[in-house]
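File shown here: protein16.cif, holding mmCIF, C-alpha atoms.
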```cif
data_target
loop_
_atom_site.label_atom_id
_atom_site.label_comp_id
_atom_site.auth_asym_id
_atom_site.auth_seq_id
_atom_site.Cartn_x
_atom_site.Cartn_y
_atom_site.Cartn_z
CA MET A 29 21.67 16.12 0.50
CA ALA A 30 22.18 14.29 3.80
CA ALA A 31 19.14 16.01 5.30
CA ARG A 32 17.05 14.99 2.33
CA ILE A 33 18.22 11.39 2.51
CA ASN A 34 17.51 11.32 6.25
CA SER A 35 13.99 12.60 5.66
CA ILE A 36 13.38 9.98 3.00
CA PHE A 37 14.77 7.33 5.35
CA PHE A 38 12.34 8.34 8.08
CA ILE A 39 9.39 8.40 5.72
CA THR A 40 10.26 4.86 4.62
CA LEU A 41 10.84 3.80 8.25
CA LEU A 42 7.38 5.00 9.25
CA VAL A 43 5.77 2.93 6.53
CA LEU A 44 7.84 -0.15 7.35
CA PHE A 45 6.88 0.16 11.00
CA PHE A 46 3.84 0.18 10.36
CA GLY A 47 -14.16 -10.71 -0.60
CA SER A 48 -15.61 -12.27 -3.68
CA CYS A 49 -19.33 -12.83 -2.94
CA SER A 50 -21.62 -14.62 -5.31
CA PRO A 51 -24.24 -12.40 -6.99
CA ASP A 52 -26.91 -13.15 -4.39
CA GLU A 53 -24.54 -12.27 -1.52
CA THR A 54 -23.52 -8.77 -2.57
CA ASP A 55 -26.75 -6.98 -1.62
CA LEU A 56 -26.37 -5.86 1.99
CA GLU A 57 -29.74 -4.99 3.51
CA ASN A 58 -28.28 -2.50 5.97
CA PRO A 59 -24.69 -1.35 5.35
CA ARG A 60 -24.45 0.08 8.89
CA SER A 61 -24.93 -3.39 10.33
CA VAL A 62 -22.15 -4.88 8.24
CA SER A 63 -19.54 -7.17 9.78
CA LEU A 64 -16.87 -9.57 8.55
CA SER A 65 -17.19 -13.33 8.12
CA LYS A 66 -14.26 -15.65 7.45
CA VAL A 67 -14.69 -17.83 4.37
CA ASP A 68 -11.27 -19.42 3.85
CA SER A 69 -7.66 -19.62 5.00
CA VAL A 70 -4.48 -20.15 2.98
CA VAL A 71 -1.01 -21.04 4.28
CA LEU A 72 1.85 -20.24 1.89
CA SER A 73 3.94 -23.28 1.08
CA ASN A 74 7.55 -23.34 2.19
CA SER A 75 9.76 -22.70 -0.80
CA GLU A 76 13.37 -22.65 -1.89
CA PRO A 77 14.82 -20.16 -1.45
CA LEU A 78 12.80 -19.50 1.70
CA PHE A 79 11.25 -16.07 1.95
CA GLY A 80 12.02 -13.71 4.82
CA LYS A 81 9.73 -10.85 5.79
CA PHE A 82 7.10 -9.65 3.35
CA VAL A 83 5.76 -6.11 3.25
CA GLU A 84 2.23 -5.86 4.58
CA GLN A 85 0.43 -5.55 1.26
CA PHE A 86 0.45 -7.94 -1.67
CA ARG A 87 -0.91 -7.79 -5.21
CA ILE A 88 -3.47 -10.10 -6.84
CA ASN A 89 -3.88 -10.53 -10.60
CA ASP A 90 -7.19 -9.97 -12.38
CA ALA A 91 -8.18 -13.64 -12.27
CA GLY A 92 -7.32 -13.89 -8.58
CA ASP A 93 -5.07 -16.92 -9.02
CA ILE A 94 -1.65 -15.23 -8.81
CA TRP A 95 -0.45 -13.52 -5.62
CA ILE A 96 2.67 -11.34 -5.64
CA PHE A 97 4.64 -10.50 -2.48
CA ALA A 98 7.62 -8.18 -1.93
CA GLU A 99 10.26 -9.48 0.48
CA ARG A 100 11.95 -6.57 2.23
CA ASN A 101 15.22 -8.07 3.49
CA GLN A 102 16.72 -8.99 0.12
CA ASN A 103 14.35 -7.03 -2.14
CA ARG A 104 12.93 -10.00 -4.03
CA ILE A 105 9.47 -10.71 -5.40
CA PHE A 106 7.75 -14.02 -4.60
CA ALA A 107 4.86 -15.40 -6.64
CA PHE A 108 2.32 -17.91 -5.26
CA ASP A 109 -0.95 -19.26 -6.59
CA SER A 110 -4.25 -18.80 -4.74
CA LEU A 111 -3.81 -22.16 -3.01
CA GLY A 112 -0.59 -20.91 -1.46
CA GLN A 113 1.67 -22.99 -3.71
CA PHE A 114 5.01 -21.40 -4.53
CA ILE A 115 5.51 -20.43 -8.19
CA ASN A 116 8.80 -18.57 -8.42
CA VAL A 117 11.13 -15.85 -7.21
CA VAL A 118 11.19 -12.95 -9.64
CA GLY A 119 14.29 -10.78 -9.92
CA GLU A 120 17.72 -11.14 -8.39
CA ARG A 121 19.56 -9.20 -5.74
CA GLY A 122 22.17 -6.98 -7.41
CA LYS A 123 22.85 -4.73 -10.38
CA GLY A 124 22.77 -7.22 -13.26
CA PRO A 125 20.11 -7.24 -16.01
CA LYS A 126 17.68 -9.00 -13.65
CA GLY A 127 19.13 -7.31 -10.61
CA ILE A 128 16.98 -5.44 -8.10
CA MET A 129 18.58 -3.18 -5.51
CA HIS A 130 15.41 -1.81 -3.90
CA VAL A 131 11.80 -2.76 -4.58
CA SER A 132 10.09 0.62 -4.30
CA GLY A 133 6.96 -0.50 -6.11
CA PHE A 134 5.54 -3.74 -7.47
CA GLU A 135 2.46 -4.82 -9.41
CA VAL A 136 1.12 -7.67 -11.56
CA ASN A 137 -0.64 -6.68 -14.78
CA SER A 138 -3.39 -8.27 -16.89
CA GLU A 139 -0.82 -10.43 -18.72
CA ASN A 140 0.52 -11.79 -15.41
CA GLN A 141 3.74 -9.85 -15.84
CA VAL A 142 5.48 -8.66 -12.69
CA ILE A 143 6.42 -4.97 -12.72
CA ILE A 144 9.09 -3.70 -10.32
CA ASN A 145 10.14 -0.12 -9.74
CA ASP A 146 13.74 -0.16 -8.46
CA ALA A 147 14.30 3.29 -6.97
CA ALA A 148 17.95 2.61 -6.14
CA GLN A 149 18.76 2.08 -9.82
CA ARG A 150 15.95 4.30 -11.14
CA MET A 151 14.83 1.37 -13.28
CA LEU A 152 11.42 -0.04 -14.20
CA LYS A 153 11.79 -3.79 -14.83
CA ILE A 154 9.15 -6.18 -16.15
CA PHE A 155 9.40 -9.97 -15.76
CA ASP A 156 7.25 -12.94 -16.63
CA LEU A 157 6.38 -15.47 -13.93
CA SER A 158 9.24 -17.73 -15.00
CA GLY A 159 11.62 -14.97 -13.95
CA GLU A 160 12.65 -13.96 -17.46
CA LEU A 161 13.28 -10.26 -17.95
CA ILE A 162 10.92 -8.82 -20.58
CA GLN A 163 12.12 -5.24 -20.56
CA SER A 164 14.09 -2.79 -18.45
CA ASN A 165 13.88 0.99 -18.72
CA THR A 166 15.04 4.01 -16.76
CA ILE A 167 12.43 5.90 -14.74
CA PHE A 168 12.57 9.30 -13.03
CA SER A 169 16.17 9.55 -14.26
CA GLU A 170 16.19 13.33 -13.95
CA GLY A 171 15.80 13.06 -10.18
CA ASP A 172 12.84 15.45 -10.14
CA LEU A 173 10.45 12.90 -8.63
CA TRP A 174 10.68 10.41 -5.77
CA ALA A 175 8.43 7.35 -5.89
CA HIS A 176 6.70 6.25 -2.71
CA PRO A 177 7.65 2.87 -1.19
CA TYR A 178 5.88 -0.20 -2.61
CA ALA A 179 3.27 1.86 -4.48
CA ILE A 180 2.67 1.41 -8.20
CA TYR A 181 -0.75 0.64 -9.66
CA ASN A 182 -2.10 -0.55 -13.02
CA PHE A 183 -3.86 2.29 -14.81
CA LYS A 184 -5.14 2.22 -18.42
CA ASP A 185 -2.29 -0.01 -19.72
CA ARG A 186 0.15 2.25 -17.93
CA LEU A 187 1.18 2.79 -14.34
CA LEU A 188 0.01 5.23 -11.70
CA ILE A 189 2.74 6.07 -9.19
CA PRO A 190 2.43 8.25 -6.08
CA VAL A 191 5.36 10.67 -6.05
CA THR A 192 6.84 13.69 -4.34
CA GLU A 193 8.66 16.38 -6.27
CA SER A 194 12.28 16.54 -5.13
CA GLU A 195 12.21 20.28 -4.52
CA PHE A 196 9.37 19.80 -2.02
CA ILE A 197 10.65 16.69 -0.25
CA ARG A 198 10.66 18.59 3.06
CA GLU A 199 7.34 20.33 2.28
CA PRO A 200 5.25 17.65 0.53
CA HIS A 201 2.02 19.67 0.81
CA LYS A 202 3.44 21.90 -1.96
CA SER A 203 4.15 18.97 -4.27
CA LYS A 204 2.19 17.32 -7.05
CA LEU A 205 1.05 13.86 -6.07
CA LEU A 206 0.54 11.33 -8.88
CA ALA A 207 2.53 10.43 -12.00
CA ILE A 208 1.22 8.45 -14.96
CA VAL A 209 4.08 6.49 -16.54
CA ASP A 210 4.19 4.07 -19.46
CA TYR A 211 6.10 0.76 -19.43
CA GLU A 212 9.08 2.46 -21.05
CA GLY A 213 9.39 4.74 -18.04
CA THR A 214 8.16 7.83 -19.89
CA ILE A 215 6.14 10.26 -17.79
CA ASP A 216 2.77 11.09 -19.34
CA THR A 217 1.54 13.59 -16.76
CA VAL A 218 1.96 14.56 -13.12
CA PHE A 219 -1.08 15.89 -11.27
CA GLY A 220 -2.84 16.34 -7.95
CA LYS A 221 -1.59 17.77 -4.67
CA HIS A 222 -0.49 16.18 -1.44
CA ASP A 223 -3.06 16.34 1.34
CA THR A 224 -2.66 19.58 3.30
CA PHE A 225 -3.23 17.51 6.44
CA THR A 226 0.45 16.56 6.08
CA THR A 227 1.28 20.01 7.46
CA GLU A 228 -0.37 19.00 10.75
CA ASP A 229 0.61 15.36 11.26
CA ASN A 230 4.02 16.01 12.91
CA SER A 231 5.66 13.14 11.06
CA TYR A 232 6.94 14.27 7.63
CA SER A 233 4.68 11.63 6.11
CA ALA A 234 4.57 11.82 2.32
CA GLU A 235 3.62 8.33 1.11
CA ASN A 236 0.19 7.73 -0.39
CA THR A 237 -1.97 4.70 -1.03
CA ILE A 238 -4.27 4.49 -4.06
CA LEU A 239 -7.64 3.02 -5.09
CA ILE A 240 -8.56 3.15 -8.78
CA SER A 241 -12.32 2.82 -9.25
CA SER A 242 -13.96 3.16 -12.70
CA ASN A 243 -13.78 6.91 -13.37
CA THR A 244 -12.24 7.95 -10.06
CA ILE A 245 -8.81 7.76 -8.45
CA PHE A 246 -8.93 7.81 -4.65
CA THR A 247 -5.81 8.50 -2.62
CA SER A 248 -4.92 8.87 1.04
CA SER A 249 -1.68 9.92 2.71
CA VAL A 250 -0.02 7.57 5.19
CA GLY A 251 -0.24 10.37 7.74
CA SER A 252 -3.87 11.36 7.13
CA PRO A 253 -7.34 9.86 7.71
CA TYR A 254 -8.74 11.86 4.78
CA ILE A 255 -9.34 10.71 1.20
CA GLN A 256 -8.93 12.75 -1.97
CA ALA A 257 -10.80 11.86 -5.16
CA TYR A 258 -9.65 12.74 -8.69
CA ASN A 259 -11.43 12.30 -12.01
CA SER A 260 -9.45 9.64 -13.90
CA SER A 261 -9.92 11.44 -17.24
CA THR A 262 -9.47 15.11 -16.38
CA TYR A 263 -7.23 14.52 -13.31
CA GLN A 264 -9.10 17.25 -11.46
CA GLN A 265 -9.93 16.84 -7.77
CA THR A 266 -13.62 16.03 -7.28
CA ASP A 267 -13.91 15.29 -3.57
CA TYR A 268 -12.19 15.37 -0.19
CA PHE A 269 -13.73 13.46 2.68
CA GLY A 270 -13.02 11.34 5.74
CA GLY A 271 -11.60 11.86 9.20
CA SER A 272 -11.66 9.48 12.14
CA SER A 273 -11.71 9.65 15.92
CA SER A 274 -9.52 6.53 15.89
CA PHE A 275 -6.76 8.33 14.00
CA SER A 276 -4.14 10.06 16.17
CA ILE A 277 -1.14 12.10 15.12
CA PRO A 278 2.08 12.24 17.17
CA SER A 279 1.80 14.75 20.01
CA LYS A 280 5.31 16.02 19.26
CA GLU A 281 6.96 16.61 15.94
CA ILE A 282 8.99 13.70 14.54
CA HIS A 283 11.95 14.53 12.33
CA ALA A 284 14.94 12.73 10.88
CA ASN A 285 17.51 14.17 13.29
CA LEU A 286 15.90 12.57 16.34
CA PRO A 287 17.37 9.36 17.81
CA ILE A 288 15.44 6.25 16.77
CA SER A 289 14.46 5.68 20.40
CA GLU A 290 12.86 9.13 20.55
CA ILE A 291 11.11 8.60 17.19
CA LYS A 292 9.57 5.39 18.54
CA LYS A 293 8.54 7.12 21.76
CA ARG A 294 6.81 9.95 19.93
CA ALA A 295 5.18 7.59 17.41
CA ASP A 296 3.75 5.30 20.13
CA GLY A 297 -0.06 5.49 19.97
CA SER A 298 -0.11 7.44 16.71
CA SER A 299 -1.80 6.22 13.54
CA VAL A 300 -0.92 5.58 9.92
CA THR A 301 -3.09 4.88 6.91
CA ALA A 302 -1.96 1.47 5.67
CA GLY A 303 -4.22 0.91 2.67
CA LEU A 304 -7.17 2.09 0.60
CA TYR A 305 -9.43 -0.51 -1.03
CA GLY A 306 -12.72 -0.93 -2.85
CA ALA A 307 -15.60 -3.39 -2.49
CA ASP A 308 -19.02 -3.36 -4.15
CA HIS A 309 -20.62 -1.15 -1.52
CA PHE A 310 -17.66 0.41 0.25
CA ILE A 311 -14.48 2.39 0.11
CA VAL A 312 -12.33 0.78 2.79
CA LEU A 313 -9.66 2.82 4.55
CA HIS A 314 -7.33 0.67 6.66
CA ILE A 315 -5.58 2.48 9.50
CA GLN A 316 -3.05 1.09 11.94
CA ILE A 317 -2.28 2.33 15.44
CA LEU A 318 1.38 1.96 16.42
CA THR A 319 2.08 0.50 19.85
CA LYS A 320 4.96 0.20 22.28
CA GLU A 321 4.75 -3.59 21.91
CA PHE A 322 5.23 -3.28 18.16
CA PHE A 323 8.29 -1.08 18.51
CA GLU A 324 9.77 -3.51 21.05
CA THR A 325 9.18 -6.64 18.97
CA THR A 326 8.75 -5.39 15.34
CA ASP A 327 5.93 -7.97 15.22
CA PHE A 328 3.36 -6.62 12.77
CA ASN A 329 0.58 -8.27 14.74
CA MET A 330 1.33 -5.95 17.65
CA LYS A 331 -0.20 -3.04 15.76
CA LYS A 332 -3.91 -2.28 16.17
CA ASN A 333 -5.99 -2.34 12.98
CA VAL A 334 -9.22 -0.50 12.14
CA LEU A 335 -11.26 -0.49 8.92
CA ILE A 336 -13.18 2.70 8.14
CA LEU A 337 -16.04 2.16 5.68
CA TYR A 338 -17.53 4.80 3.38
CA ASP A 339 -20.43 4.43 0.97
CA ARG A 340 -18.88 3.92 -2.45
CA GLU A 341 -21.42 6.15 -4.20
CA THR A 342 -22.19 8.94 -1.73
CA LYS A 343 -18.83 8.91 0.17
CA ASP A 344 -20.84 9.02 3.42
CA PHE A 345 -19.25 7.50 6.50
CA ILE A 346 -20.72 4.07 7.34
CA LYS A 347 -18.85 2.68 10.36
CA GLU A 348 -15.51 1.66 11.83
CA ILE A 349 -14.63 -1.99 12.36
CA PRO A 350 -11.69 -2.95 14.62
CA VAL A 351 -9.97 -6.04 13.18
CA PRO A 352 -7.29 -8.27 14.74
CA HIS A 353 -5.03 -8.54 11.69
CA THR A 354 -3.42 -6.57 8.86
CA LEU A 355 -5.55 -6.08 5.75
CA ALA A 356 -3.21 -6.84 2.83
CA ALA A 357 -5.49 -6.91 -0.24
CA VAL A 358 -9.10 -6.70 -1.40
CA HIS A 359 -10.13 -8.51 -4.58
CA HIS A 360 -13.67 -9.06 -5.91
CA ASN A 361 -15.18 -8.29 -2.49
CA LYS A 362 -12.90 -10.69 -0.62
CA LEU A 363 -10.69 -9.18 2.07
CA TYR A 364 -7.30 -10.81 2.60
CA PHE A 365 -5.85 -10.47 6.10
CA ILE A 366 -2.38 -11.64 7.14
CA GLU A 367 -3.01 -13.68 10.28
CA ASP A 368 0.54 -15.00 10.74
CA PHE A 369 3.66 -13.32 9.35
CA ASN A 370 5.97 -16.20 10.34
CA ALA A 371 7.61 -17.53 7.17
CA ASP A 372 7.12 -21.11 8.39
CA ASN A 373 3.36 -20.62 8.74
CA TYR A 374 2.51 -17.52 6.70
CA THR A 375 -1.28 -17.50 6.90
CA ILE A 376 -3.80 -15.43 4.96
CA GLY A 377 -7.38 -15.33 6.19
CA ILE A 378 -10.03 -14.55 3.58
CA TYR A 379 -13.18 -12.70 4.67
CA LYS A 380 -16.31 -11.15 3.19
CA PHE A 381 -18.76 -8.49 4.33
CA ILE A 382 -22.08 -9.74 5.71
CA ASN A 383 -24.99 -8.24 7.63
CA GLU A 384 -24.92 -8.95 11.35
CA LYS A 385 -27.67 -11.26 12.55
#
```

Could you express the structure from this file as structure tokens?
Amino acid sequence: MAARINSIFFITLLVLFFGSCSPDETDLENPRSVSLSKVDSVVLSNSEPLFGKFVEQFRINDAGDIWIFAERNQNRIFAFDSLGQFINVVGERGKGPKGIMHVSGFEVNSENQVIINDAAQRMLKIFDLSGELIQSNTIFSEGDLWAHPYAIYNFKDRLLIPVTESEFIREPHKSKLLAIVDYEGTIDTVFGKHDTFTTEDNSYSAENTILISSNTIFTSSVGSPYIQAYNSSTYQQTDYFGGSSSFSIPSKEIHANLPISEIKKRADGSSVTAGLYGADHFIVLHIQILTKEFFETTDFNMKKNVLILYDRETKDFIKEIPVPHTLAAVHHNKLYFIEDFNADNYTIGIYKFINEK
């Protein structure tokens, strides 16, 4: 049990270390000449209680006017509007009816309800934006599945959750990958397979990031530059593509029994997949390169960021774009980058794809 917990701790540690155009703007004449152009900037308002350190991704509702952030220090959810004005804190620290012990997944649905998967309590809790608890149900209570940190996604009025089967926690490549769960916490089906690249990445990576696109579910492992595609009706794999010269795996194996200092040393210069997103023309894979400066400061801006673009229809590689900040969300072709993580000046830059002049 201790070995399993240590492995899960390291997987979580690795992750933690780690544009809407108008209709006449969406037609890119030459996708290979695409670049990014900044269109807006939003600074989150200071709020009471003040937030601490948000995870690097946030969720945006369908209308684009509600932004949901997970705060990692006290496991709370913060809601802001699209102007950066504070709305509310959702959930409470603790074990009470509204209590959250560990935010292991969060999402906002079409009714602007905030959904939280609390892995520590094995509970799925749903709140409205006023902070009132709508419902609370057990999830994965049998202990057969482990949910990946911060990853739940809306899917056909249910939830799609990347998981690892408990019996394969040390060998994730043998495990099924995705669970469809209703709001009552009932598992509909579990399907897919973890990327076999996880047998080569030297890091025990098991987390996955998801993009749901019309009739296809795309997924990529934190420790892999490759993308799997599954049919969203049959749940059969339909494609496997990707790879990047910018993506590096640790030169030596990283495992839970190593001292933290050695883990950081071996991880220096290696890469993680931080997010998978969709725009009109592109599938966007966001990778981060871990640096010595990041490990010394834990400043997220000390990581190097690269966007890898693929044609949304053909899956052909388009280009790689180095970017100076963390990509945290994509909504209606707008790309949201976190330019300043400081709680006193938390700044989100909003960009769109354009053709270079």

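Residues matched by the PyMOL selection byres ((chain A and resi 371) around 12) in this file: A:Val71, A:Leu72, A:Ser73, A:Asn74, A:Ser75, A:Glu76, A:Pro77, A:Leu78, A:Phe79, A:Gly80, A:Lys81, A:Phe82, A:Glu99, A:Ile366, A:Glu367, A:Asp368, A:Phe369, A:Asn370, A:Asp372, A:Asn373, A:Tyr374, A:Thr375, A:Ile376.
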
### Message
Which residues are near Ile382 of chain A? Cut-off 7 Å, all atoms listed in the file, ignore same chain within fewer than 3 positions. Put them as number ranges by chain.
### Response
A: 56, 62-65

Given the file shown, enumerate the residues that the PyMOL selection byres ((chain A and resi 292-297) around 8) captures and present them as a PDB file with C-alpha atoms, in the coordinates of the input.
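Written out: part-v6.pdb:
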```
ATOM      1  CA  SER A 276      -4.140  10.060  16.170  1.00  0.00           C
ATOM      2  CA  PRO A 278       2.080  12.240  17.170  1.00  0.00           C
ATOM      3  CA  SER A 279       1.800  14.750  20.010  1.00  0.00           C
ATOM      4  CA  LYS A 280       5.310  16.020  19.260  1.00  0.00           C
ATOM      5  CA  GLU A 281       6.960  16.610  15.940  1.00  0.00           C
ATOM      6  CA  ILE A 282       8.990  13.700  14.540  1.00  0.00           C
ATOM      7  CA  ILE A 288      15.440   6.250  16.770  1.00  0.00           C
ATOM      8  CA  SER A 289      14.460   5.680  20.400  1.00  0.00           C
ATOM      9  CA  GLU A 290      12.860   9.130  20.550  1.00  0.00           C
ATOM     10  CA  ILE A 291      11.110   8.600  17.190  1.00  0.00           C
ATOM     11  CA  SER A 298      -0.110   7.440  16.710  1.00  0.00           C
ATOM     12  CA  SER A 299      -1.800   6.220  13.540  1.00  0.00           C
ATOM     13  CA  ILE A 317      -2.280   2.330  15.440  1.00  0.00           C
ATOM     14  CA  LEU A 318       1.380   1.960  16.420  1.00  0.00           C
ATOM     15  CA  THR A 319       2.080   0.500  19.850  1.00  0.00           C
ATOM     16  CA  LYS A 320       4.960   0.200  22.280  1.00  0.00           C
ATOM     17  CA  PHE A 323       8.290  -1.080  18.510  1.00  0.00           C
TER      18      PHE A 323
END
```

### Task
Determine the residue membership of the PyMOL selection byres ((chain A and resi 117) around 6) for the file above and supply it as a count of residues only.
4

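For the choices A:Thr342, A:Asn182, A:Asn383, A:Asn137, the atom-to-atom distance to Ile238 of chain A is smallest for A:Asn182 when using only C-alpha atoms.
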
### Message
Give me the residues near Ala307 of chain A as a PyMOL selection string, where near means some atom within 7 Å (using all atoms listed in the file) and where sequence neighbours in that chain fewer than 3 positions away do not count.
### Response
chain A and resi 310-311+360-361

### Spatial neighbours of segment 122-132 of chain A, max dist 12 Å, only C-alpha atoms, sep filter under 4 positions, as a PyMOL selection string
chain A and resi 40+43-44+82-83+97-106+117-118+142-156+159-165+167+174-180+189-191+235

### Message
Quick check, in Å to one decimal: how far apart do atom CA of Gln141 of chain A and atom CA of Leu187 of chain A lie?
### Response
13.0 Å

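The interatomic distance for the pair atom CA of Leu157 of chain A and atom CA of Phe114 of chain A works out to 11.2 Å.
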
### Message
Would you compute the distance between atom CA of Leu363 of chain A and atom CA of Tyr305 of chain A? Give it in Å to one decimal.
### Response
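A separation of 9.3 Å between them.
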
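Candidate residues A:Ala91, A:Val218, A:Ile245, A:Ile315 were compared for distance to Gly303 of chain A, and the nearest is A:Ile315, using all atoms listed in the file.
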
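When all atoms listed in the file are used to compute distances to His309 of chain A, the closest of the residues A:Asp267, A:Asp339, A:Glu195, A:Asp210 turns out to be A:Asp339.
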
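In this comparison, which uses all atoms listed in the file, the residue of A:Phe381, A:Tyr263, A:Tyr268, A:Phe134 approaching Val312 of chain A most closely is A:Phe381.
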